[in-house]
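Structure file coords-v3.txt; described as compact mmCIF, C-alpha atoms and all ligand atoms.
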```txt
# COMPACT_ATOMS: atom_id res chain seq x y z
CA MET A 11 -19.56 -34.84 -14.89
CA LYS A 12 -16.37 -33.17 -13.64
CA THR A 13 -16.55 -32.17 -9.98
CA PHE A 14 -14.04 -29.85 -8.35
CA LEU A 15 -13.85 -29.40 -4.59
CA PHE A 16 -13.05 -26.01 -3.07
CA PRO A 17 -12.34 -26.56 0.64
CA GLY A 18 -11.52 -23.99 3.25
CA SER A 19 -12.34 -22.69 6.69
CA PHE A 20 -13.98 -19.59 5.18
CA ASP A 21 -14.03 -17.72 8.49
CA PRO A 22 -15.57 -15.60 6.97
CA PHE A 23 -16.11 -16.15 3.22
CA SER A 24 -14.37 -13.26 1.41
CA LEU A 25 -14.63 -11.64 -2.00
CA GLY A 26 -11.33 -13.41 -2.74
CA HIS A 27 -12.99 -16.77 -2.03
CA ARG A 28 -15.90 -15.78 -4.26
CA ASP A 29 -13.54 -14.89 -7.07
CA ILE A 30 -11.77 -18.27 -6.86
CA ALA A 31 -15.10 -20.13 -6.64
CA LYS A 32 -16.52 -18.34 -9.68
CA ARG A 33 -13.42 -18.99 -11.77
CA ALA A 34 -13.22 -22.64 -10.65
CA ALA A 35 -16.93 -23.16 -11.40
CA ASP A 36 -16.24 -22.14 -15.00
CA LEU A 37 -13.67 -24.93 -15.29
CA CYS A 38 -15.88 -27.82 -14.15
CA ASP A 39 -19.46 -29.06 -14.23
CA ARG A 40 -20.00 -28.96 -10.47
CA LEU A 41 -18.10 -27.09 -7.80
CA VAL A 42 -18.52 -28.27 -4.22
CA VAL A 43 -17.52 -25.55 -1.79
CA ALA A 44 -16.78 -27.35 1.48
CA VAL A 45 -16.56 -25.57 4.81
CA LEU A 46 -14.18 -27.52 7.02
CA ASN A 47 -12.37 -26.99 10.27
CA ASN A 48 -8.68 -26.20 10.21
CA ARG A 49 -7.35 -27.58 13.50
CA GLY A 50 -4.62 -24.97 13.44
CA LYS A 51 -7.18 -22.15 13.71
CA SER A 52 -10.02 -21.33 16.13
CA PRO A 53 -12.95 -20.16 14.03
CA VAL A 54 -14.94 -17.10 15.06
CA PHE A 55 -17.99 -18.20 13.09
CA SER A 56 -19.77 -21.54 13.59
CA LEU A 57 -19.73 -24.14 10.83
CA GLN A 58 -23.39 -23.36 10.10
CA GLU A 59 -22.73 -19.60 9.96
CA ARG A 60 -19.82 -20.16 7.58
CA VAL A 61 -21.98 -22.31 5.30
CA GLU A 62 -24.70 -19.64 5.35
CA MET A 63 -22.20 -16.86 4.51
CA ALA A 64 -20.75 -18.92 1.64
CA ASN A 65 -24.25 -19.64 0.32
CA GLN A 66 -25.21 -15.98 0.42
CA SER A 67 -21.94 -14.88 -1.16
CA LEU A 68 -22.33 -17.40 -3.99
CA SER A 69 -26.00 -16.87 -4.73
CA GLY A 70 -26.49 -16.61 -8.47
CA VAL A 71 -23.24 -18.42 -9.31
CA PRO A 72 -24.29 -21.46 -11.39
CA GLY A 73 -22.99 -24.99 -10.74
CA VAL A 74 -21.99 -24.38 -7.13
CA GLU A 75 -23.13 -26.13 -3.97
CA VAL A 76 -22.00 -25.41 -0.42
CA ILE A 77 -21.62 -28.12 2.22
CA SER A 78 -19.93 -28.55 5.57
CA TYR A 79 -17.75 -31.50 6.48
CA VAL A 80 -16.03 -32.70 9.60
CA GLY A 81 -13.20 -35.09 8.86
CA LEU A 82 -10.33 -35.59 6.48
CA LEU A 83 -10.34 -33.73 3.19
CA VAL A 84 -9.26 -36.88 1.31
CA ASP A 85 -12.36 -38.71 2.56
CA LEU A 86 -14.61 -35.90 1.35
CA TYR A 87 -12.68 -35.91 -1.93
CA ARG A 88 -13.70 -39.55 -2.43
CA ASN A 89 -17.28 -38.99 -1.21
CA VAL A 90 -17.99 -36.25 -3.75
CA ASP A 91 -16.02 -38.04 -6.50
CA ALA A 92 -13.81 -34.99 -7.04
CA ALA A 93 -11.46 -34.73 -10.02
CA ALA A 94 -9.41 -32.05 -8.23
CA VAL A 95 -9.29 -29.75 -5.25
CA VAL A 96 -9.09 -26.03 -5.99
CA ARG A 97 -7.24 -23.61 -3.75
CA GLY A 98 -6.44 -19.93 -4.16
CA LEU A 99 -2.86 -18.67 -4.03
CA ARG A 100 -2.24 -15.11 -2.88
CA ALA A 101 1.44 -14.99 -2.07
CA GLU A 102 4.52 -17.12 -2.22
CA SER A 103 4.00 -18.02 1.43
CA ASP A 104 0.67 -19.65 0.51
CA PHE A 105 2.48 -21.90 -1.92
CA ARG A 106 4.57 -23.55 0.78
CA ILE A 107 1.49 -24.37 2.83
CA GLU A 108 -0.42 -25.63 -0.20
CA ALA A 109 2.47 -27.79 -1.44
CA GLU A 110 2.81 -29.37 2.02
CA MET A 111 -0.93 -30.00 2.31
CA ALA A 112 -1.09 -31.45 -1.20
CA ALA A 113 1.82 -33.79 -0.51
CA ALA A 114 0.23 -35.05 2.73
CA ASN A 115 -3.14 -35.56 1.05
CA LYS A 116 -1.52 -37.36 -1.87
CA LEU A 117 0.11 -39.79 0.56
CA LEU A 118 -3.36 -40.55 1.91
CA ASN A 119 -4.92 -40.82 -1.55
CA PRO A 120 -2.65 -41.15 -4.60
CA ASP A 121 -5.53 -40.00 -6.84
CA TYR A 122 -5.66 -36.63 -5.06
CA GLU A 123 -4.98 -33.65 -7.34
CA VAL A 124 -4.84 -29.92 -6.64
CA ILE A 125 -5.34 -26.95 -8.91
CA LEU A 126 -3.88 -23.73 -7.53
CA LEU A 127 -5.51 -20.60 -8.90
CA PRO A 128 -3.63 -17.34 -8.40
CA SER A 129 -5.77 -14.66 -6.76
CA SER A 130 -6.96 -11.85 -8.98
CA ALA A 131 -4.72 -8.80 -8.52
CA ASP A 132 -7.35 -6.78 -6.64
CA MET A 133 -7.98 -9.65 -4.21
CA VAL A 134 -4.41 -10.41 -3.24
CA PHE A 135 -4.56 -8.55 0.07
CA ILE A 136 -7.94 -9.87 1.20
CA SER A 137 -7.76 -12.53 3.88
CA SER A 138 -10.24 -13.77 6.47
CA SER A 139 -7.90 -12.68 9.25
CA THR A 140 -7.64 -9.15 7.83
CA ILE A 141 -11.44 -8.98 7.62
CA LYS A 142 -11.76 -10.01 11.28
CA GLU A 143 -9.10 -7.52 12.37
CA VAL A 144 -10.69 -4.64 10.45
CA ALA A 145 -14.19 -5.51 11.69
CA PHE A 146 -12.96 -5.82 15.27
CA PHE A 147 -11.76 -2.23 15.25
CA GLY A 148 -14.92 -0.99 13.55
CA GLY A 149 -13.43 -0.56 10.06
CA ASP A 150 -15.20 -0.90 6.75
CA VAL A 151 -15.18 -4.47 5.39
CA SER A 152 -17.52 -3.77 2.48
CA LYS A 153 -14.71 -4.11 -0.08
CA MET A 154 -13.63 -7.45 1.37
CA VAL A 155 -16.87 -9.42 1.75
CA CYS A 156 -20.12 -9.59 -0.21
CA PRO A 157 -22.63 -6.87 0.69
CA GLN A 158 -25.14 -9.57 1.74
CA ILE A 159 -22.94 -10.64 4.66
CA ALA A 160 -21.07 -7.43 5.59
CA GLU A 161 -23.47 -6.42 8.39
CA PHE A 162 -23.55 -9.93 9.83
CA VAL A 163 -19.75 -10.10 9.90
CA LYS A 164 -19.50 -6.73 11.67
CA ALA A 165 -22.22 -7.62 14.19
CA LYS A 166 -20.74 -11.02 15.03
CA ILE A 167 -17.25 -9.61 15.53
CA SER A 168 -18.42 -6.74 17.68
CA GLU A 169 -20.42 -9.22 19.80
CA ARG A 170 -17.07 -10.72 20.73
CA LYS A 171 -15.76 -7.36 21.92
CA ALA A 172 -18.48 -7.09 24.54
O1 LIG B 201 -9.01 -22.01 4.62
P1 LIG B 201 -7.94 -22.87 5.25
O2 LIG B 201 -7.94 -22.71 6.75
O3 LIG B 201 -6.58 -22.64 4.65
O4 LIG B 201 -8.36 -24.38 4.91
C1 LIG B 201 -7.59 -25.47 5.35
C2 LIG B 201 -8.41 -26.76 5.28
C3 LIG B 201 -9.71 -26.62 6.06
C4 LIG B 201 -8.72 -27.09 3.83
C5 LIG B 201 -7.52 -27.91 5.89
O5 LIG B 201 -7.18 -27.59 7.21
C6 LIG B 201 -8.22 -29.27 5.85
O6 LIG B 201 -8.21 -29.94 4.83
N1 LIG B 201 -8.85 -29.68 6.98
C7 LIG B 201 -9.56 -30.94 7.07
C8 LIG B 201 -8.75 -31.97 7.83
C9 LIG B 201 -7.65 -32.55 6.96
O7 LIG B 201 -7.88 -33.26 6.00
N2 LIG B 201 -6.40 -32.23 7.33
C10 LIG B 201 -5.24 -32.71 6.62
C11 LIG B 201 -4.70 -31.68 5.66
S1 LIG B 201 -3.06 -32.14 5.24
```
Show this structure as structure tokens.
Amino acid sequence: MKTFLFPGSFDPFSLGHRDIAKRAADLCDRLVVAVLNNRGKSPVFSLQERVEMANQSLSGVPGVEVISYVGLLVDLYRNVDAAAVVRGLRAESDFRIEAEMAAANKLLNPDYEVILLPSSADMVFISSSTIKEVAFFGGDVSKMVCPQIAEFVKAKISERKA
């Protein structure tokens, strides 16, 4: 049973995340999508909301489970008996961040491995921060998130404007 772990802050879960999750799920027996906190970012959505959005966005994708975790990624990696972490790569700038994170995690756990999947061409410009920016100013996010969560994303962001 080969388990891959796809961690992220998913604030919110985008079509780009869905694309990576679907492709990663095809490469393993079980894909654990883990919603974590990135201490360098202040999330707009709660952990529970982010899990719910990931679940809705991934409904119908076989072999995937969504969890939340508070703590170190390497500890979760051990807990779920992961063979590798999967992360999406959009641009060159992502690579630097991913390489640094992978090196730090490998120091903590020498068994830690990462698979970097390049974003599909039509997903390269989708990011959670762009989604939040567009939604904040009332723009259309329907090409960036799954239809099941688009209204929720818009409503939650406009709540913050009030
Ligand atoms: O979607 P993001 O914000 O790029 O995801 C980053 C995330 C959540 C995977 C990373 O911040 C993380 O692993 N957080 C958990 C705490 C941890 O292990 N930090 C050390 C990473 S070197």
For this session: Please write out the residues within 9 Å of ligand LIG 201 (chain B) as a ChimeraX atom specification, counting only C-alpha atoms and all ligand atoms.
Result: /A:16-21,44-51,79-86,97,104,107-108,110-116,138
Exercise. How many Å separate CA of Gly70 in chain A from CA of Leu37 in chain A?
Worked result: 16.7 Å
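When all atoms listed in the file are used to measure the gap to Asp91 in chain A, the shortest distance among A:Ala35, A:Leu15, A:Leu118, A:Ile77 belongs to A:Leu15.
The two atoms in question, CA of Leu25 in chain A and CA of Ser67 in chain A, are spaced 8.0 Å apart.
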For this session: Have a look at A:Val144, A:Met154, A:Met11, A:Ala165 and name the one nearest to Asp132 in chain A; count only C-alpha atoms.
Result: A:Met154
Exercise on range 18-37 of chain A, axis-aligned box with 8 Å per side, report centre and edge lengths in Å to one decimal, as AutoDock Vina command-line options:
```
--center_x -14.1 --center_y -18.3 --center_z -3.4 --size_x 21.6 --size_y 29.3 --size_z 39.8
```
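Distance-wise, CA of Val54 in chain A and CA of Ser152 in chain A end up 18.5 Å apart.
Near Pro157 in chain A, within a cut-off of 12 Å and counting all atoms listed in the file, sit the residues Phe23, Ser24, Leu25, Met63, Gln66, Ser67, Leu68, Ser69, Asp150, Val151, Ser152, Lys153, Met154, Val155, Ile159, Ala160, Glu161, Phe162, Val163 and Lys164 of chain A, with same-chain residues fewer than 2 positions away left out.
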Exercise. Near Ile167 in chain A, within 7 Å and counting all atoms listed in the file, which residues show up once chain neighbours fewer than 3 positions away are dropped, as a list of chain:residue names?
Worked result: A:Lys142, A:Ala145, A:Phe146, A:Val163, A:Lys164, A:Arg170, A:Lys171
Exercise. Quick one: residues within 7 Å of Val124 in chain A, all atoms listed in the file counted, chain neighbours fewer than 4 positions away excluded, as JSON, numbers by chain?
Worked result: {"A": [94, 95, 96, 112]}
Exercise. Could you tell me, as an MDAnalysis selection string, which residues have any atom at most 10 Å from (-9.9, -34.6, -14.7), counting all atoms listed in the file?
Worked result: chainID A and resid 11:14 38 92:94 123
Exercise. Which residue gives the smallest distance to Glu102 in chain A among A:Val61, A:Leu126, A:Leu117, A:Val76, with only C-alpha atoms counted?
Worked result: A:Leu126
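Of the listed residues A:Phe105, A:Arg88, A:Ser129, A:Lys166, the one whose atoms come nearest to Glu59 in chain A is A:Lys166, with distances taken using only C-alpha atoms.
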Problem set entry | Residue nearest Ala109 in chain A - candidates A:Ile125, A:Arg60, A:Glu169, A:His27, atoms counted: all atoms listed in the file | A:Ile125
Could you pull range 43-71 of chain A out of the block above and save it with N, CA, C and O atoms, as an mmCIF file, in the first residue's frame?
```
data_model
loop_
_atom_site.group_PDB
_atom_site.id
_atom_site.type_symbol
_atom_site.label_atom_id
_atom_site.label_comp_id
_atom_site.auth_asym_id
_atom_site.auth_seq_id
_atom_site.Cartn_x
_atom_site.Cartn_y
_atom_site.Cartn_z
ATOM 1 N N VAL A 43 -4.599 14.022 1.729
ATOM 2 C CA VAL A 43 -4.515 15.473 1.559
ATOM 3 C C VAL A 43 -4.595 16.075 2.963
ATOM 4 O O VAL A 43 -5.596 15.867 3.674
ATOM 5 N N ALA A 44 -3.535 16.742 3.387
ATOM 6 C CA ALA A 44 -3.490 17.228 4.768
ATOM 7 C C ALA A 44 -3.512 18.753 4.808
ATOM 8 O O ALA A 44 -2.640 19.408 4.236
ATOM 9 N N VAL A 45 -4.501 19.275 5.498
ATOM 10 C CA VAL A 45 -4.613 20.726 5.656
ATOM 11 C C VAL A 45 -3.833 21.107 6.912
ATOM 12 O O VAL A 45 -4.146 20.638 8.012
ATOM 13 N N LEU A 46 -2.799 21.907 6.704
ATOM 14 C CA LEU A 46 -1.943 22.311 7.824
ATOM 15 C C LEU A 46 -1.920 23.821 7.929
ATOM 16 O O LEU A 46 -2.422 24.529 7.041
ATOM 17 N N ASN A 47 -1.291 24.303 8.988
ATOM 18 C CA ASN A 47 -1.082 25.734 9.098
ATOM 19 C C ASN A 47 0.340 26.069 8.695
ATOM 20 O O ASN A 47 1.283 25.391 9.087
ATOM 21 N N ASN A 48 0.446 27.085 7.854
ATOM 22 C CA ASN A 48 1.750 27.634 7.489
ATOM 23 C C ASN A 48 1.950 28.846 8.390
ATOM 24 O O ASN A 48 1.207 29.824 8.293
ATOM 25 N N ARG A 49 2.936 28.802 9.268
ATOM 26 C CA ARG A 49 3.095 29.877 10.264
ATOM 27 C C ARG A 49 3.501 31.197 9.627
ATOM 28 O O ARG A 49 3.425 32.245 10.244
ATOM 29 N N GLY A 50 3.884 31.125 8.351
ATOM 30 C CA GLY A 50 4.237 32.352 7.643
ATOM 31 C C GLY A 50 3.020 33.048 7.043
ATOM 32 O O GLY A 50 3.141 34.125 6.460
ATOM 33 N N LYS A 51 1.847 32.433 7.160
ATOM 34 C CA LYS A 51 0.631 33.002 6.551
ATOM 35 C C LYS A 51 -0.498 33.029 7.587
ATOM 36 O O LYS A 51 -0.556 32.155 8.450
ATOM 37 N N SER A 52 -1.382 34.034 7.474
ATOM 38 C CA SER A 52 -2.566 34.052 8.343
ATOM 39 C C SER A 52 -3.750 33.583 7.515
ATOM 40 O O SER A 52 -4.183 34.300 6.611
ATOM 41 N N PRO A 53 -4.287 32.406 7.796
ATOM 42 C CA PRO A 53 -5.369 31.909 6.945
ATOM 43 C C PRO A 53 -6.655 32.709 7.111
ATOM 44 O O PRO A 53 -6.966 33.197 8.194
ATOM 45 N N VAL A 54 -7.388 32.822 6.004
ATOM 46 C CA VAL A 54 -8.697 33.481 6.023
ATOM 47 C C VAL A 54 -9.753 32.464 6.465
ATOM 48 O O VAL A 54 -10.686 32.780 7.178
ATOM 49 N N PHE A 55 -9.568 31.228 6.036
ATOM 50 C CA PHE A 55 -10.540 30.177 6.334
ATOM 51 C C PHE A 55 -10.027 29.340 7.512
ATOM 52 O O PHE A 55 -8.811 29.107 7.633
ATOM 53 N N SER A 56 -10.971 28.872 8.356
ATOM 54 C CA SER A 56 -10.569 28.036 9.491
ATOM 55 C C SER A 56 -10.080 26.686 8.978
ATOM 56 O O SER A 56 -10.357 26.310 7.827
ATOM 57 N N LEU A 57 -9.406 25.959 9.846
ATOM 58 C CA LEU A 57 -8.913 24.630 9.479
ATOM 59 C C LEU A 57 -10.085 23.751 9.022
ATOM 60 O O LEU A 57 -10.015 23.064 8.000
ATOM 61 N N GLN A 58 -11.182 23.810 9.794
ATOM 62 C CA GLN A 58 -12.355 22.995 9.464
ATOM 63 C C GLN A 58 -12.949 23.394 8.103
ATOM 64 O O GLN A 58 -13.341 22.541 7.313
ATOM 65 N N GLU A 59 -13.005 24.698 7.854
ATOM 66 C CA GLU A 59 -13.545 25.163 6.552
ATOM 67 C C GLU A 59 -12.647 24.701 5.406
ATOM 68 O O GLU A 59 -13.123 24.323 4.337
ATOM 69 N N ARG A 60 -11.335 24.722 5.635
ATOM 70 C CA ARG A 60 -10.408 24.314 4.575
ATOM 71 C C ARG A 60 -10.517 22.818 4.299
ATOM 72 O O ARG A 60 -10.454 22.380 3.153
ATOM 73 N N VAL A 61 -10.733 22.036 5.363
ATOM 74 C CA VAL A 61 -10.943 20.587 5.177
ATOM 75 C C VAL A 61 -12.228 20.365 4.379
ATOM 76 O O VAL A 61 -12.266 19.572 3.427
ATOM 77 N N GLU A 62 -13.267 21.084 4.760
ATOM 78 C CA GLU A 62 -14.579 20.931 4.086
ATOM 79 C C GLU A 62 -14.467 21.304 2.603
ATOM 80 O O GLU A 62 -14.971 20.602 1.733
ATOM 81 N N MET A 63 -13.761 22.403 2.302
ATOM 82 C CA MET A 63 -13.602 22.823 0.899
ATOM 83 C C MET A 63 -12.796 21.791 0.106
ATOM 84 O O MET A 63 -13.121 21.511 -1.048
ATOM 85 N N ALA A 64 -11.764 21.219 0.736
ATOM 86 C CA ALA A 64 -10.952 20.201 0.054
ATOM 87 C C ALA A 64 -11.808 18.966 -0.202
ATOM 88 O O ALA A 64 -11.789 18.392 -1.299
ATOM 89 N N ASN A 65 -12.587 18.567 0.812
ATOM 90 C CA ASN A 65 -13.461 17.398 0.648
ATOM 91 C C ASN A 65 -14.446 17.599 -0.483
ATOM 92 O O ASN A 65 -14.644 16.723 -1.320
ATOM 93 N N GLN A 66 -15.072 18.771 -0.523
ATOM 94 C CA GLN A 66 -16.054 19.025 -1.588
ATOM 95 C C GLN A 66 -15.380 19.060 -2.950
ATOM 96 O O GLN A 66 -15.911 18.544 -3.929
ATOM 97 N N SER A 67 -14.206 19.658 -3.010
ATOM 98 C CA SER A 67 -13.503 19.789 -4.295
ATOM 99 C C SER A 67 -13.017 18.435 -4.805
ATOM 100 O O SER A 67 -12.807 18.259 -5.999
ATOM 101 N N LEU A 68 -12.804 17.499 -3.888
ATOM 102 C CA LEU A 68 -12.243 16.197 -4.281
ATOM 103 C C LEU A 68 -13.286 15.090 -4.310
ATOM 104 O O LEU A 68 -12.933 13.916 -4.460
ATOM 105 N N SER A 69 -14.547 15.473 -4.167
ATOM 106 C CA SER A 69 -15.574 14.421 -4.133
ATOM 107 C C SER A 69 -15.565 13.696 -5.484
ATOM 108 O O SER A 69 -15.469 14.315 -6.545
ATOM 109 N N GLY A 70 -15.600 12.387 -5.417
ATOM 110 C CA GLY A 70 -15.585 11.595 -6.646
ATOM 111 C C GLY A 70 -14.196 11.211 -7.105
ATOM 112 O O GLY A 70 -14.051 10.449 -8.057
ATOM 113 N N VAL A 71 -13.151 11.747 -6.456
ATOM 114 C CA VAL A 71 -11.784 11.345 -6.826
ATOM 115 C C VAL A 71 -11.425 10.133 -5.951
ATOM 116 O O VAL A 71 -11.356 10.252 -4.725
#
```
